[in-house]
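Encoded as structure tokens, the structure appears first; notes follow it.
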Amino acid sequence: MSNKKHEEVIKNTVKKEAGNILNKLDQLFTTKSKSLLNIFFTAGYPDVNSTTEVILSLQQQGADIIEIGMPYSDPIADGPVIQESNMIALQNGMTMELLFHQLNTIKESVQVPLILMGYLNPVMQYGMEKFCADAAAAGVHGIILPDLPMFEFEHYYKSIFEKHQLHFVFLITPETSFDRIKKADILSSGFLYAVSSSATTGSSADNSTRDYYFERLAALKLKNPLLIGFGINDNRSFENACKYASGAIIGSAYIKILQHSRDINRDTGLFIRSITNKHE
């Protein structure tokens, strides 16, 4: 091999390794492929300064991925629990700027992947390029914007996410066609979010219909790992989802814990152990 080619191989290897180090989602799915626990909470809830405490507690108590909801005034795809947490967070004074500031204060201490999930409107008001740059700088590894259409993402925004080495995750539902599932899998990176039903967050689907849907997804041999969300609220539903996917996403059930918690770290630990059935 010539010196020039050898230098190019080294350069590409270093670049690849740097990308893997930067994005902890890639590392996670390389080292753990089953029973992953992704927990969602709303930034600025229950108090405006709760964000960092919740993140550090989730990490300490064993969450594999932490999904941070960006509060929005009209969260129409969410159930009443998450809707209420959005309203309270906004009343508390949570903003996108404050969220990035909070994340920057703890980013050196956070070792698990962080995902931001929210609605397109406030991101567009913030500016997509600025949003991606600030998210990456704050230690975020992936973004979920359920109302960003595939066409717009592919043709206008995909390059921005790639530039800032942010994974973008699409959602699929039981009503999503085969062709659209395959398209979502091609465009997604990090993982694919399988919604267990077409209802709002916190809802439960019919077991037989839901399991048939999970089996159909598992048979597709998708390129991305699959995480299942909506209606996952206890050990039984978590383990059932993990039979068909790499893991599950829990939101409403955890926010209910935060709503009444006087010791977030303790209550987070009790909740996670009740889900995973692992005890100290």
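Residue numbers start at 1 in each chain; chains themselves are named A, B, ... in the order of the structure tokens; ligands are numbered from 1 in the order shown.
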
Quiz item: DSSP says helix (DSSP H, G or I) for which residues of segment 29-260 of chain A? Put them as number ranges by chain?
Solution: A: 29-31, 50-61, 80-92, 96-106, 120-126, 128-137, 150-163, 178-187, 207-218, 235-244, 252-260

As a compact mmCIF listing (two decimals) with N, CA, C and O atoms, in the first residue's frame, please: the residues near Tyr72 of chain A (cut-off 10 Å, only C-alpha atoms, same-chain neighbours under 4 positions excluded).
```
# COMPACT_ATOMS: atom_id res chain seq x y z
N THR A 42 -40.38 15.27 30.65
CA THR A 42 -40.50 16.61 30.09
C THR A 42 -39.54 17.56 30.78
O THR A 42 -39.51 17.65 32.02
N ILE A 76 -50.47 17.79 20.68
CA ILE A 76 -51.70 17.07 20.33
C ILE A 76 -51.53 15.55 20.26
O ILE A 76 -52.51 14.82 20.39
N GLN A 83 -49.34 15.98 28.33
CA GLN A 83 -49.87 17.32 28.04
C GLN A 83 -49.78 18.21 29.27
O GLN A 83 -49.33 19.36 29.19
N SER A 85 -47.78 17.88 31.83
CA SER A 85 -46.38 18.18 32.15
C SER A 85 -45.83 19.26 31.24
O SER A 85 -45.01 20.09 31.67
N ASN A 86 -46.27 19.30 29.98
CA ASN A 86 -45.87 20.36 29.06
C ASN A 86 -46.37 21.72 29.56
O ASN A 86 -45.62 22.70 29.56
N MET A 87 -47.64 21.78 29.95
CA MET A 87 -48.21 23.04 30.41
C MET A 87 -47.49 23.55 31.67
O MET A 87 -47.18 24.73 31.79
N ALA A 89 -44.43 22.78 32.69
CA ALA A 89 -43.05 23.16 32.36
C ALA A 89 -43.00 24.55 31.73
O ALA A 89 -42.12 25.36 32.06
N LEU A 90 -43.94 24.84 30.84
CA LEU A 90 -43.98 26.17 30.22
C LEU A 90 -44.32 27.24 31.26
O LEU A 90 -43.74 28.33 31.26
N MET A 94 -39.78 27.17 31.36
CA MET A 94 -38.85 26.41 30.53
C MET A 94 -38.88 26.90 29.09
O MET A 94 -39.95 27.10 28.50
N THR A 95 -37.69 27.11 28.52
CA THR A 95 -37.53 27.50 27.12
C THR A 95 -36.45 26.64 26.49
O THR A 95 -35.71 25.93 27.19
N GLY A 118 -39.79 16.36 20.47
CA GLY A 118 -40.74 17.46 20.56
C GLY A 118 -41.43 17.70 19.23
O GLY A 118 -41.44 16.84 18.35
N TYR A 119 -41.98 18.88 19.10
CA TYR A 119 -42.74 19.24 17.91
C TYR A 119 -41.95 20.22 17.04
O TYR A 119 -41.08 20.95 17.52
N LEU A 120 -42.28 20.22 15.77
CA LEU A 120 -41.50 20.96 14.78
C LEU A 120 -41.58 22.47 14.96
O LEU A 120 -40.60 23.17 14.76
N ASN A 121 -42.76 22.97 15.34
CA ASN A 121 -42.98 24.42 15.37
C ASN A 121 -41.94 25.17 16.20
O ASN A 121 -41.32 26.12 15.71
N PRO A 122 -41.72 24.83 17.48
CA PRO A 122 -40.71 25.58 18.25
C PRO A 122 -39.29 25.41 17.73
O PRO A 122 -38.46 26.32 17.88
```

Practice problem: Could you give me, as JSON, numbers by chain, the residues within 10 Å of Tyr126 of chain A, counting only C-alpha atoms and dropping anything in the same chain fewer than 6 positions from it? | Solution: {"A": [96, 97, 120, 132]}

Could you take the residues named above and write them with N, CA, C and O atoms, as a CSV table (one decimal), in the first residue's frame?
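Dumped everything to again-v4.csv:
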```csv
chain,number,residue,atom,x,y,z
A,96,MET,N,-36.3,26.7,25.2
A,96,MET,CA,-35.3,26.0,24.5
A,96,MET,C,-33.9,26.4,24.9
A,96,MET,O,-33.0,25.6,25.2
A,97,GLU,N,-33.8,27.7,25.0
A,97,GLU,CA,-32.5,28.3,25.5
A,97,GLU,C,-32.1,27.8,26.8
A,97,GLU,O,-30.9,27.4,27.1
A,120,LEU,N,-42.3,20.2,15.8
A,120,LEU,CA,-41.5,21.0,14.8
A,120,LEU,C,-41.6,22.5,15.0
A,120,LEU,O,-40.6,23.2,14.8
A,132,CYS,N,-29.8,22.3,15.8
A,132,CYS,CA,-28.9,21.2,15.7
A,132,CYS,C,-27.5,21.5,16.2
A,132,CYS,O,-27.0,20.6,16.9
```

Self-check item: Selection near segment 257-259 of chain A, 9 Å with only C-alpha atoms, sequence-local residues under 3 positions removed, as a PyMOL selection string
Solution: chain A and resi 41+45-46+54+85+252-254+262-264+267-268+271

Restricting the output to C-alpha atoms, write the selected residues as a tab-separated table (two decimals), in the first residue's frame.
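The file below, again23.tsv, is the result:
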```
chain	number	residue	atom	x	y	z
A	41	PHE	CA	-39.59	13.00	30.77
A	45	TYR	CA	-41.00	19.32	35.10
A	46	PRO	CA	-42.00	19.13	37.88
A	54	VAL	CA	-33.91	13.90	36.59
A	85	SER	CA	-46.38	18.18	32.15
A	252	SER	CA	-46.35	8.73	31.02
A	253	ALA	CA	-45.80	6.16	33.78
A	254	TYR	CA	-42.54	7.85	34.83
A	262	ARG	CA	-40.30	14.27	47.07
A	263	ASP	CA	-37.05	12.39	46.38
A	264	ILE	CA	-36.48	12.09	42.63
A	267	ASP	CA	-38.30	7.25	43.41
A	268	THR	CA	-36.58	6.94	40.04
A	271	PHE	CA	-39.57	2.87	39.40
```

DSSP strand (DSSP E) residues within segment 48-215 of chain A, as an mmCIF file with N, CA, C and O atoms, in the first residue's frame:
```
data_model
loop_
_atom_site.group_PDB
_atom_site.id
_atom_site.type_symbol
_atom_site.label_atom_id
_atom_site.label_comp_id
_atom_site.auth_asym_id
_atom_site.auth_seq_id
_atom_site.Cartn_x
_atom_site.Cartn_y
_atom_site.Cartn_z
ATOM 1 N N ILE A 65 -31.201 4.886 27.850
ATOM 2 C CA ILE A 65 -31.352 6.072 27.007
ATOM 3 C C ILE A 65 -32.269 7.030 27.749
ATOM 4 O O ILE A 65 -33.240 6.600 28.393
ATOM 5 N N ILE A 66 -31.979 8.320 27.672
ATOM 6 C CA ILE A 66 -32.835 9.323 28.294
ATOM 7 C C ILE A 66 -33.420 10.214 27.205
ATOM 8 O O ILE A 66 -32.685 10.822 26.427
ATOM 9 N N GLU A 67 -34.740 10.264 27.150
ATOM 10 C CA GLU A 67 -35.451 11.025 26.119
ATOM 11 C C GLU A 67 -36.083 12.243 26.778
ATOM 12 O O GLU A 67 -36.910 12.105 27.678
ATOM 13 N N ILE A 68 -35.672 13.409 26.339
ATOM 14 C CA ILE A 68 -36.086 14.664 26.986
ATOM 15 C C ILE A 68 -37.133 15.359 26.120
ATOM 16 O O ILE A 68 -36.867 15.725 24.968
ATOM 17 N N GLY A 69 -38.304 15.554 26.687
ATOM 18 C CA GLY A 69 -39.361 16.235 25.965
ATOM 19 C C GLY A 69 -39.163 17.738 25.991
ATOM 20 O O GLY A 69 -38.930 18.323 27.051
ATOM 21 N N LEU A 114 -28.513 10.884 25.048
ATOM 22 C CA LEU A 114 -29.615 11.812 25.268
ATOM 23 C C LEU A 114 -30.342 12.051 23.953
ATOM 24 O O LEU A 114 -29.712 12.318 22.921
ATOM 25 N N ILE A 115 -31.660 11.964 24.006
ATOM 26 C CA ILE A 115 -32.510 12.217 22.841
ATOM 27 C C ILE A 115 -33.418 13.386 23.161
ATOM 28 O O ILE A 115 -33.977 13.463 24.264
ATOM 29 N N LEU A 116 -33.579 14.312 22.227
ATOM 30 C CA LEU A 116 -34.577 15.367 22.367
ATOM 31 C C LEU A 116 -35.791 15.009 21.527
ATOM 32 O O LEU A 116 -35.657 14.634 20.361
ATOM 33 N N MET A 117 -36.966 15.093 22.144
ATOM 34 C CA MET A 117 -38.197 14.812 21.409
ATOM 35 C C MET A 117 -39.156 15.982 21.568
ATOM 36 O O MET A 117 -39.308 16.533 22.659
ATOM 37 N N GLY A 142 -29.437 12.415 19.594
ATOM 38 C CA GLY A 142 -30.484 12.112 18.632
ATOM 39 C C GLY A 142 -31.677 13.028 18.802
ATOM 40 O O GLY A 142 -31.884 13.626 19.871
ATOM 41 N N ILE A 143 -32.488 13.126 17.751
ATOM 42 C CA ILE A 143 -33.647 14.007 17.727
ATOM 43 C C ILE A 143 -34.860 13.229 17.222
ATOM 44 O O ILE A 143 -34.760 12.447 16.270
ATOM 45 N N ILE A 144 -36.019 13.475 17.853
ATOM 46 C CA ILE A 144 -37.295 12.937 17.368
ATOM 47 C C ILE A 144 -38.258 14.103 17.221
ATOM 48 O O ILE A 144 -38.571 14.793 18.192
ATOM 49 N N HIS A 167 -28.351 11.750 15.261
ATOM 50 C CA HIS A 167 -29.264 10.774 14.678
ATOM 51 C C HIS A 167 -30.663 11.378 14.620
ATOM 52 O O HIS A 167 -31.049 12.172 15.491
ATOM 53 N N PHE A 168 -31.425 10.988 13.608
ATOM 54 C CA PHE A 168 -32.823 11.406 13.523
ATOM 55 C C PHE A 168 -33.685 10.157 13.479
ATOM 56 O O PHE A 168 -33.460 9.266 12.671
ATOM 57 N N LEU A 171 -40.970 7.758 13.606
ATOM 58 C CA LEU A 171 -41.959 6.912 14.256
ATOM 59 C C LEU A 171 -42.771 6.155 13.215
ATOM 60 O O LEU A 171 -43.059 6.680 12.132
ATOM 61 N N ILE A 172 -43.154 4.926 13.567
ATOM 62 C CA ILE A 172 -44.082 4.148 12.754
ATOM 63 C C ILE A 172 -45.202 3.650 13.661
ATOM 64 O O ILE A 172 -45.011 3.494 14.863
ATOM 65 N N LEU A 192 -35.354 2.995 15.302
ATOM 66 C CA LEU A 192 -36.678 3.267 14.760
ATOM 67 C C LEU A 192 -37.669 3.157 15.918
ATOM 68 O O LEU A 192 -37.630 2.194 16.684
ATOM 69 N N TYR A 193 -38.558 4.133 16.040
ATOM 70 C CA TYR A 193 -39.512 4.208 17.148
ATOM 71 C C TYR A 193 -40.838 3.604 16.682
ATOM 72 O O TYR A 193 -41.522 4.173 15.849
ATOM 73 N N ALA A 194 -41.180 2.441 17.237
ATOM 74 C CA ALA A 194 -42.437 1.782 16.887
ATOM 75 C C ALA A 194 -43.495 2.118 17.927
ATOM 76 O O ALA A 194 -43.394 1.713 19.090
ATOM 77 N N VAL A 195 -44.490 2.874 17.522
ATOM 78 C CA VAL A 195 -45.600 3.215 18.407
ATOM 79 C C VAL A 195 -46.517 2.004 18.494
ATOM 80 O O VAL A 195 -46.912 1.443 17.467
#
```

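Atom CA of Phe40 of chain A is found 16.7 Å from atom CA of Gln102 of chain A.
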
Quiz prompt | Long-range neighbours of Ile232 of chain A as a list in words, 10 Å cut-off, only C-alpha atoms, 3 positions minimum in chain | solution = Ser196, Thr201, Gly202, Ser203, Ser204, Ile228, Gly229, Asn235, Arg236, Ser237, Phe238, Glu239, Asn240, Ala241, Ala248, Ile249, Ile250, Gly251, Ser252, Ala253 and Ile275 of chain A

Would you mind exporting N, CA, C and O atoms of the selected residues as a PDB file, in the first residue's frame?
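Dumped to part00.pdb:
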```pdb
ATOM      1  N   SER A 196     -46.868   1.590  19.712  1.00  0.00           N
ATOM      2  CA  SER A 196     -47.628   0.348  19.881  1.00  0.00           C
ATOM      3  C   SER A 196     -49.076   0.462  19.450  1.00  0.00           C
ATOM      4  O   SER A 196     -49.741  -0.538  19.194  1.00  0.00           O
ATOM      5  N   THR A 201     -50.119   9.082  23.661  1.00  0.00           N
ATOM      6  CA  THR A 201     -49.189   8.501  24.626  1.00  0.00           C
ATOM      7  C   THR A 201     -49.922   8.142  25.909  1.00  0.00           C
ATOM      8  O   THR A 201     -50.845   8.830  26.346  1.00  0.00           O
ATOM      9  N   GLY A 202     -49.474   7.036  26.524  1.00  0.00           N
ATOM     10  CA  GLY A 202     -50.100   6.584  27.755  1.00  0.00           C
ATOM     11  C   GLY A 202     -51.239   5.624  27.534  1.00  0.00           C
ATOM     12  O   GLY A 202     -51.748   5.010  28.473  1.00  0.00           O
ATOM     13  N   SER A 203     -51.678   5.452  26.265  1.00  0.00           N
ATOM     14  CA  SER A 203     -52.786   4.559  25.962  1.00  0.00           C
ATOM     15  C   SER A 203     -52.296   3.125  25.796  1.00  0.00           C
ATOM     16  O   SER A 203     -51.129   2.879  25.517  1.00  0.00           O
ATOM     17  N   SER A 204     -53.208   2.187  25.947  1.00  0.00           N
ATOM     18  CA  SER A 204     -52.887   0.770  25.765  1.00  0.00           C
ATOM     19  C   SER A 204     -53.679   0.224  24.586  1.00  0.00           C
ATOM     20  O   SER A 204     -54.844   0.542  24.400  1.00  0.00           O
ATOM     21  N   ILE A 228     -39.897   0.100  21.172  1.00  0.00           N
ATOM     22  CA  ILE A 228     -41.356   0.177  21.188  1.00  0.00           C
ATOM     23  C   ILE A 228     -41.814   1.117  22.291  1.00  0.00           C
ATOM     24  O   ILE A 228     -41.349   1.038  23.428  1.00  0.00           O
ATOM     25  N   GLY A 229     -42.735   2.024  21.958  1.00  0.00           N
ATOM     26  CA  GLY A 229     -43.253   2.978  22.924  1.00  0.00           C
ATOM     27  C   GLY A 229     -44.763   3.067  22.912  1.00  0.00           C
ATOM     28  O   GLY A 229     -45.426   2.480  22.054  1.00  0.00           O
ATOM     29  N   ASN A 235     -43.452  -4.024  34.383  1.00  0.00           N
ATOM     30  CA  ASN A 235     -42.517  -5.067  33.979  1.00  0.00           C
ATOM     31  C   ASN A 235     -43.099  -5.960  32.891  1.00  0.00           C
ATOM     32  O   ASN A 235     -42.391  -6.345  31.949  1.00  0.00           O
ATOM     33  N   ARG A 236     -44.364  -6.283  32.999  1.00  0.00           N
ATOM     34  CA  ARG A 236     -44.994  -7.182  32.023  1.00  0.00           C
ATOM     35  C   ARG A 236     -44.994  -6.573  30.627  1.00  0.00           C
ATOM     36  O   ARG A 236     -44.607  -7.232  29.652  1.00  0.00           O
ATOM     37  N   SER A 237     -45.425  -5.314  30.500  1.00  0.00           N
ATOM     38  CA  SER A 237     -45.478  -4.687  29.177  1.00  0.00           C
ATOM     39  C   SER A 237     -44.073  -4.414  28.650  1.00  0.00           C
ATOM     40  O   SER A 237     -43.826  -4.491  27.447  1.00  0.00           O
ATOM     41  N   PHE A 238     -43.119  -4.121  29.550  1.00  0.00           N
ATOM     42  CA  PHE A 238     -41.733  -3.907  29.133  1.00  0.00           C
ATOM     43  C   PHE A 238     -41.139  -5.201  28.574  1.00  0.00           C
ATOM     44  O   PHE A 238     -40.552  -5.218  27.483  1.00  0.00           O
ATOM     45  N   GLU A 239     -41.283  -6.299  29.288  1.00  0.00           N
ATOM     46  CA  GLU A 239     -40.719  -7.571  28.835  1.00  0.00           C
ATOM     47  C   GLU A 239     -41.393  -8.064  27.560  1.00  0.00           C
ATOM     48  O   GLU A 239     -40.736  -8.652  26.695  1.00  0.00           O
ATOM     49  N   ASN A 240     -42.690  -7.809  27.428  1.00  0.00           N
ATOM     50  CA  ASN A 240     -43.378  -8.223  26.205  1.00  0.00           C
ATOM     51  C   ASN A 240     -42.841  -7.460  24.999  1.00  0.00           C
ATOM     52  O   ASN A 240     -42.596  -8.037  23.939  1.00  0.00           O
ATOM     53  N   ALA A 241     -42.627  -6.142  25.154  1.00  0.00           N
ATOM     54  CA  ALA A 241     -42.074  -5.343  24.061  1.00  0.00           C
ATOM     55  C   ALA A 241     -40.674  -5.825  23.703  1.00  0.00           C
ATOM     56  O   ALA A 241     -40.306  -5.887  22.528  1.00  0.00           O
ATOM     57  N   ALA A 248     -37.683  -0.820  25.011  1.00  0.00           N
ATOM     58  CA  ALA A 248     -38.951  -0.107  25.078  1.00  0.00           C
ATOM     59  C   ALA A 248     -38.753   1.294  25.642  1.00  0.00           C
ATOM     60  O   ALA A 248     -37.764   1.583  26.320  1.00  0.00           O
ATOM     61  N   ILE A 249     -39.744   2.138  25.353  1.00  0.00           N
ATOM     62  CA  ILE A 249     -39.729   3.542  25.768  1.00  0.00           C
ATOM     63  C   ILE A 249     -40.884   3.775  26.733  1.00  0.00           C
ATOM     64  O   ILE A 249     -42.024   3.409  26.442  1.00  0.00           O
ATOM     65  N   ILE A 250     -40.586   4.379  27.869  1.00  0.00           N
ATOM     66  CA  ILE A 250     -41.603   4.657  28.884  1.00  0.00           C
ATOM     67  C   ILE A 250     -41.642   6.160  29.146  1.00  0.00           C
ATOM     68  O   ILE A 250     -40.600   6.781  29.362  1.00  0.00           O
ATOM     69  N   GLY A 251     -42.847   6.723  29.132  1.00  0.00           N
ATOM     70  CA  GLY A 251     -42.975   8.153  29.373  1.00  0.00           C
ATOM     71  C   GLY A 251     -43.992   8.493  30.437  1.00  0.00           C
ATOM     72  O   GLY A 251     -43.653   8.915  31.540  1.00  0.00           O
ATOM     73  N   SER A 252     -45.273   8.294  30.119  1.00  0.00           N
ATOM     74  CA  SER A 252     -46.350   8.733  31.019  1.00  0.00           C
ATOM     75  C   SER A 252     -46.229   8.120  32.406  1.00  0.00           C
ATOM     76  O   SER A 252     -46.440   8.802  33.417  1.00  0.00           O
ATOM     77  N   ALA A 253     -45.889   6.836  32.480  1.00  0.00           N
ATOM     78  CA  ALA A 253     -45.796   6.165  33.782  1.00  0.00           C
ATOM     79  C   ALA A 253     -44.723   6.800  34.656  1.00  0.00           C
ATOM     80  O   ALA A 253     -44.887   6.910  35.879  1.00  0.00           O
ATOM     81  N   ILE A 275     -39.752  -1.825  36.770  1.00  0.00           N
ATOM     82  CA  ILE A 275     -39.881  -2.092  35.330  1.00  0.00           C
ATOM     83  C   ILE A 275     -38.974  -3.251  34.910  1.00  0.00           C
ATOM     84  O   ILE A 275     -39.395  -4.167  34.188  1.00  0.00           O
TER      85      ILE A 275
END
```
